[in-house]
Amino acid sequence: MRVNTVIKLVGFDGDDTLWHSEGFYQSAHDAFESILGNYVDLANLGLRDRLLATERRNIRLFGYGAKGMTLSMLEAAIEITQSRISAADLHRIIAIGKEVLAHPVELLPGIRAAVEAVAQHHHVVLITKGDLFHQEQKVASSGLADLFHRIEIVSEKDERAYRRVLSEFHLAPQHFAMVGNSLRSDIAPVVQLGGWGVYMPYHVTWAHEADSDFVDHTSHVAQIDGPHGIAAAIEELQARAAA
């Protein structure tokens with residue numbers, strides 16, 4: 001029987017919260033630099049900043065994930081080399097994107113036990129963003145789908161998306177806590193709605209997700225250093241909510 005909790009629903013992010021992700025994208029960026037280094041002087045180019053600018057410009061068109069990254073790499077490569085890049089190297093960039101899409105799902109150590117511990121006292125939902133096909137494949141391969149009462153794959157994680165999820169659960173934001181590695185996507189929108197956040201930083205973060213000026217002025221956020229701390233953090237937030 002579930003305890004009568006103030007926090008009734010706990011959301012979990014997917015990438016870099018349940019399973020490793022960003023490291024594969026960073027390796028893709030390294031491989032992209034290696035290709036472009038045959039055409040331009042990388043030392044004076046600021047290649048990663050230029051690629052990031054292209055990716056940000058394209059998010060509304062391509063969305064998040066490996067497919068959008070690959071298309072942005074192709075666009076950036078053509079622009080940066082002034083169309084000198086060979087068809088063979090463009091094909092290599094496509095292969096980089098395919099490798100990211102095909103990488104195996106590797107769970108963070110201890111994450112299944114952590115989700116199970118939270119699920120003993122709260123309903124749990126997976127809320128992840130990105131390419132629908134890729135995220136569905138990762139969820140299926142993770143072996144975690146059976147733990148969640150609901151799985152939401154969204155195009156953007158903002159206040160509007162969280163508000164929609166909460167409305168479908170008939171919950172006010174103060175009854176919801178979100179666990180994730182991104183202040184921008186997982187924590188700030190939820191806290192700004194009046195909910196709670198468990199911030200679990202990953203050792204590497206995409207610059208777009210790291211770009212956040214969010215500051216918690218209400219003690220609605222607990223920060224932890226790994227999955228082993230999730231259940232305790234939820235209970236700490238529960239105590240704060242009940243105080």
# chains A, B, ... in the order shown; residues from 1 in each chain; ligands from 1
$ residues_around --residues "region 159-173 of chain A" --least-positions-apart "4" --cutoff "10 Å" --atoms "only C-alpha atoms" --output "PyMOL selection string"
chain A and resi 7-9+11+125+127+150+152+154-155+177-178+185-186+188-196
$ residues_around --residues "region 87-90 of chain A" --least-positions-apart "6" --cutoff "12 Å" --atoms "only C-alpha atoms" --output "PDB file with N, CA, C and O atoms, in the first residue's frame"
ATOM      1  N   ALA A  31      35.366  12.942 -33.896  1.00  0.00           N
ATOM      2  CA  ALA A  31      35.551  12.382 -35.237  1.00  0.00           C
ATOM      3  C   ALA A  31      35.267  13.438 -36.308  1.00  0.00           C
ATOM      4  O   ALA A  31      35.952  13.497 -37.342  1.00  0.00           O
ATOM      5  N   PHE A  32      34.277  14.281 -36.069  1.00  0.00           N
ATOM      6  CA  PHE A  32      33.951  15.371 -36.992  1.00  0.00           C
ATOM      7  C   PHE A  32      35.129  16.335 -37.102  1.00  0.00           C
ATOM      8  O   PHE A  32      35.500  16.749 -38.210  1.00  0.00           O
ATOM      9  N   GLU A  33      35.722  16.684 -35.979  1.00  0.00           N
ATOM     10  CA  GLU A  33      36.893  17.568 -35.996  1.00  0.00           C
ATOM     11  C   GLU A  33      38.038  16.948 -36.789  1.00  0.00           C
ATOM     12  O   GLU A  33      38.755  17.640 -37.514  1.00  0.00           O
ATOM     13  N   SER A  34      38.223  15.645 -36.627  1.00  0.00           N
ATOM     14  CA  SER A  34      39.299  14.969 -37.348  1.00  0.00           C
ATOM     15  C   SER A  34      39.115  15.087 -38.860  1.00  0.00           C
ATOM     16  O   SER A  34      40.084  15.310 -39.599  1.00  0.00           O
ATOM     17  N   ILE A  35      37.898  14.975 -39.313  1.00  0.00           N
ATOM     18  CA  ILE A  35      37.619  15.116 -40.753  1.00  0.00           C
ATOM     19  C   ILE A  35      37.848  16.552 -41.203  1.00  0.00           C
ATOM     20  O   ILE A  35      38.512  16.806 -42.217  1.00  0.00           O
ATOM     21  N   LEU A  36      37.298  17.508 -40.468  1.00  0.00           N
ATOM     22  CA  LEU A  36      37.416  18.916 -40.871  1.00  0.00           C
ATOM     23  C   LEU A  36      38.860  19.410 -40.784  1.00  0.00           C
ATOM     24  O   LEU A  36      39.237  20.363 -41.494  1.00  0.00           O
ATOM     25  N   GLY A  37      39.667  18.764 -39.948  1.00  0.00           N
ATOM     26  CA  GLY A  37      41.064  19.159 -39.823  1.00  0.00           C
ATOM     27  C   GLY A  37      41.854  18.978 -41.099  1.00  0.00           C
ATOM     28  O   GLY A  37      42.940  19.552 -41.259  1.00  0.00           O
ATOM     29  N   ASN A  38      41.330  18.202 -42.031  1.00  0.00           N
ATOM     30  CA  ASN A  38      41.988  18.026 -43.328  1.00  0.00           C
ATOM     31  C   ASN A  38      41.743  19.202 -44.267  1.00  0.00           C
ATOM     32  O   ASN A  38      42.363  19.290 -45.332  1.00  0.00           O
ATOM     33  N   TYR A  39      40.844  20.120 -43.865  1.00  0.00           N
ATOM     34  CA  TYR A  39      40.464  21.218 -44.750  1.00  0.00           C
ATOM     35  C   TYR A  39      40.764  22.596 -44.158  1.00  0.00           C
ATOM     36  O   TYR A  39      40.987  23.552 -44.915  1.00  0.00           O
ATOM     37  N   THR A  70      23.635  15.062 -36.969  1.00  0.00           N
ATOM     38  CA  THR A  70      24.278  14.674 -38.228  1.00  0.00           C
ATOM     39  C   THR A  70      23.983  15.673 -39.339  1.00  0.00           C
ATOM     40  O   THR A  70      24.885  16.080 -40.089  1.00  0.00           O
ATOM     41  N   LEU A  71      22.723  16.086 -39.444  1.00  0.00           N
ATOM     42  CA  LEU A  71      22.376  17.081 -40.457  1.00  0.00           C
ATOM     43  C   LEU A  71      23.100  18.402 -40.210  1.00  0.00           C
ATOM     44  O   LEU A  71      23.557  19.062 -41.153  1.00  0.00           O
ATOM     45  N   SER A  72      23.235  18.776 -38.948  1.00  0.00           N
ATOM     46  CA  SER A  72      23.953  20.010 -38.620  1.00  0.00           C
ATOM     47  C   SER A  72      25.439  19.879 -38.918  1.00  0.00           C
ATOM     48  O   SER A  72      26.081  20.843 -39.366  1.00  0.00           O
ATOM     49  N   MET A  73      26.009  18.710 -38.695  1.00  0.00           N
ATOM     50  CA  MET A  73      27.411  18.474 -39.043  1.00  0.00           C
ATOM     51  C   MET A  73      27.626  18.617 -40.542  1.00  0.00           C
ATOM     52  O   MET A  73      28.604  19.234 -40.997  1.00  0.00           O
ATOM     53  N   LEU A  74      26.713  18.055 -41.327  1.00  0.00           N
ATOM     54  CA  LEU A  74      26.844  18.160 -42.783  1.00  0.00           C
ATOM     55  C   LEU A  74      26.757  19.610 -43.227  1.00  0.00           C
ATOM     56  O   LEU A  74      27.574  20.079 -44.042  1.00  0.00           O
ATOM     57  N   GLU A  75      25.804  20.342 -42.686  1.00  0.00           N
ATOM     58  CA  GLU A  75      25.656  21.754 -43.042  1.00  0.00           C
ATOM     59  C   GLU A  75      26.893  22.553 -42.645  1.00  0.00           C
ATOM     60  O   GLU A  75      27.425  23.346 -43.441  1.00  0.00           O
ATOM     61  N   ALA A  76      27.354  22.334 -41.404  1.00  0.00           N
ATOM     62  CA  ALA A  76      28.521  23.072 -40.919  1.00  0.00           C
ATOM     63  C   ALA A  76      29.762  22.729 -41.738  1.00  0.00           C
ATOM     64  O   ALA A  76      30.584  23.611 -42.052  1.00  0.00           O
ATOM     65  N   ALA A  77      29.917  21.463 -42.090  1.00  0.00           N
ATOM     66  CA  ALA A  77      31.091  21.044 -42.864  1.00  0.00           C
ATOM     67  C   ALA A  77      31.122  21.727 -44.225  1.00  0.00           C
ATOM     68  O   ALA A  77      32.183  22.180 -44.691  1.00  0.00           O
ATOM     69  N   ILE A  78      29.977  21.812 -44.875  1.00  0.00           N
ATOM     70  CA  ILE A  78      29.921  22.461 -46.190  1.00  0.00           C
ATOM     71  C   ILE A  78      30.214  23.950 -46.070  1.00  0.00           C
ATOM     72  O   ILE A  78      30.968  24.525 -46.873  1.00  0.00           O
ATOM     73  N   THR A  81      34.067  24.592 -44.935  1.00  0.00           N
ATOM     74  CA  THR A  81      35.053  24.307 -45.984  1.00  0.00           C
ATOM     75  C   THR A  81      34.750  25.053 -47.276  1.00  0.00           C
ATOM     76  O   THR A  81      35.440  24.848 -48.278  1.00  0.00           O
ATOM     77  N   ILE A  96      29.251   8.647 -39.001  1.00  0.00           N
ATOM     78  CA  ILE A  96      29.407   9.035 -37.593  1.00  0.00           C
ATOM     79  C   ILE A  96      28.038   9.089 -36.920  1.00  0.00           C
ATOM     80  O   ILE A  96      27.853   8.584 -35.806  1.00  0.00           O
ATOM     81  N   GLY A  97      27.090   9.713 -37.594  1.00  0.00           N
ATOM     82  CA  GLY A  97      25.741   9.794 -37.045  1.00  0.00           C
ATOM     83  C   GLY A  97      25.111   8.426 -36.871  1.00  0.00           C
ATOM     84  O   GLY A  97      24.444   8.157 -35.856  1.00  0.00           O
TER      85      GLY A  97
END
$ atom_distance --atom1 "CA of Gln135 (chain A)" --atom2 "CA of His29 (chain A)"
20.3 Å
$ residues_around --residues "region 57-62 of chain A" --least-positions-apart "5" --cutoff "9 Å" --atoms "only C-alpha atoms" --output "list in words"
Leu52, Lys67, Gly68, Met69, Leu71, Ser72 and Asp131 of chain A
$ write_last_selection --atoms "N, CA and C atoms" --output "CSV table (one decimal), in the first residue's frame"
chain,number,residue,atom,x,y,z
A,52,LEU,N,28.0,24.1,-32.6
A,52,LEU,CA,26.9,24.3,-31.6
A,52,LEU,C,25.9,25.4,-32.1
A,67,LYS,N,20.1,12.4,-35.3
A,67,LYS,CA,19.8,12.8,-36.7
A,67,LYS,C,20.0,14.3,-36.9
A,68,GLY,N,19.5,15.1,-35.9
A,68,GLY,CA,19.6,16.5,-36.0
A,68,GLY,C,21.1,16.9,-36.0
A,69,MET,N,21.9,16.2,-35.1
A,69,MET,CA,23.3,16.5,-35.0
A,69,MET,C,24.0,16.2,-36.4
A,71,LEU,N,22.7,16.1,-39.4
A,71,LEU,CA,22.4,17.1,-40.5
A,71,LEU,C,23.1,18.4,-40.2
A,72,SER,N,23.2,18.8,-38.9
A,72,SER,CA,24.0,20.0,-38.6
A,72,SER,C,25.4,19.9,-38.9
A,131,ASP,N,14.8,12.3,-30.7
A,131,ASP,CA,14.2,11.6,-31.9
A,131,ASP,C,13.3,10.4,-31.4
$ residues_around --residues "Leu132 (chain A)" --least-positions-apart "4" --cutoff "10 Å" --atoms "only C-alpha atoms" --output "PyMOL selection string"
chain A and resi 63-65+128+136-138+153-155
$ closest_residue --among "A:Ile187, A:Gly14, A:Val204, A:Leu45" --to "Ser27 (chain A)" --atoms "only C-alpha atoms"
A:Val204
$ select_by_dssp --residues "region 8-231 of chain A" --states "helix (DSSP H, G or I)" --output "MDAnalysis selection string"
chainID A and resid 22:36 42:44 47:62 66:80 87:102 111:119 132:142 145:147 159:168 173:175 183:193 207:210 227:231
$ atom_distance --atom1 "CA of Gly46 (chain A)" --atom2 "CA of Ile80 (chain A)"
10.8 Å
$ residues_around --residues "region 112-116 of chain A" --least-positions-apart "6" --cutoff "9 Å" --atoms "only C-alpha atoms" --output "count of residues only"
12
$ atom_distance --atom1 "CA of Ala233 (chain A)" --atom2 "CA of Asp13 (chain A)"
15.5 Å
$ closest_residue --among "A:Ser21, A:Arg184, A:Arg50, A:Gly130" --to "His103 (chain A)" --atoms "only C-alpha atoms"
A:Ser21
$ closest_residue --among "A:Glu79, A:Glu55, A:Glu106, A:Asp49" --to "Asp16 (chain A)" --atoms "only C-alpha atoms"
A:Glu106
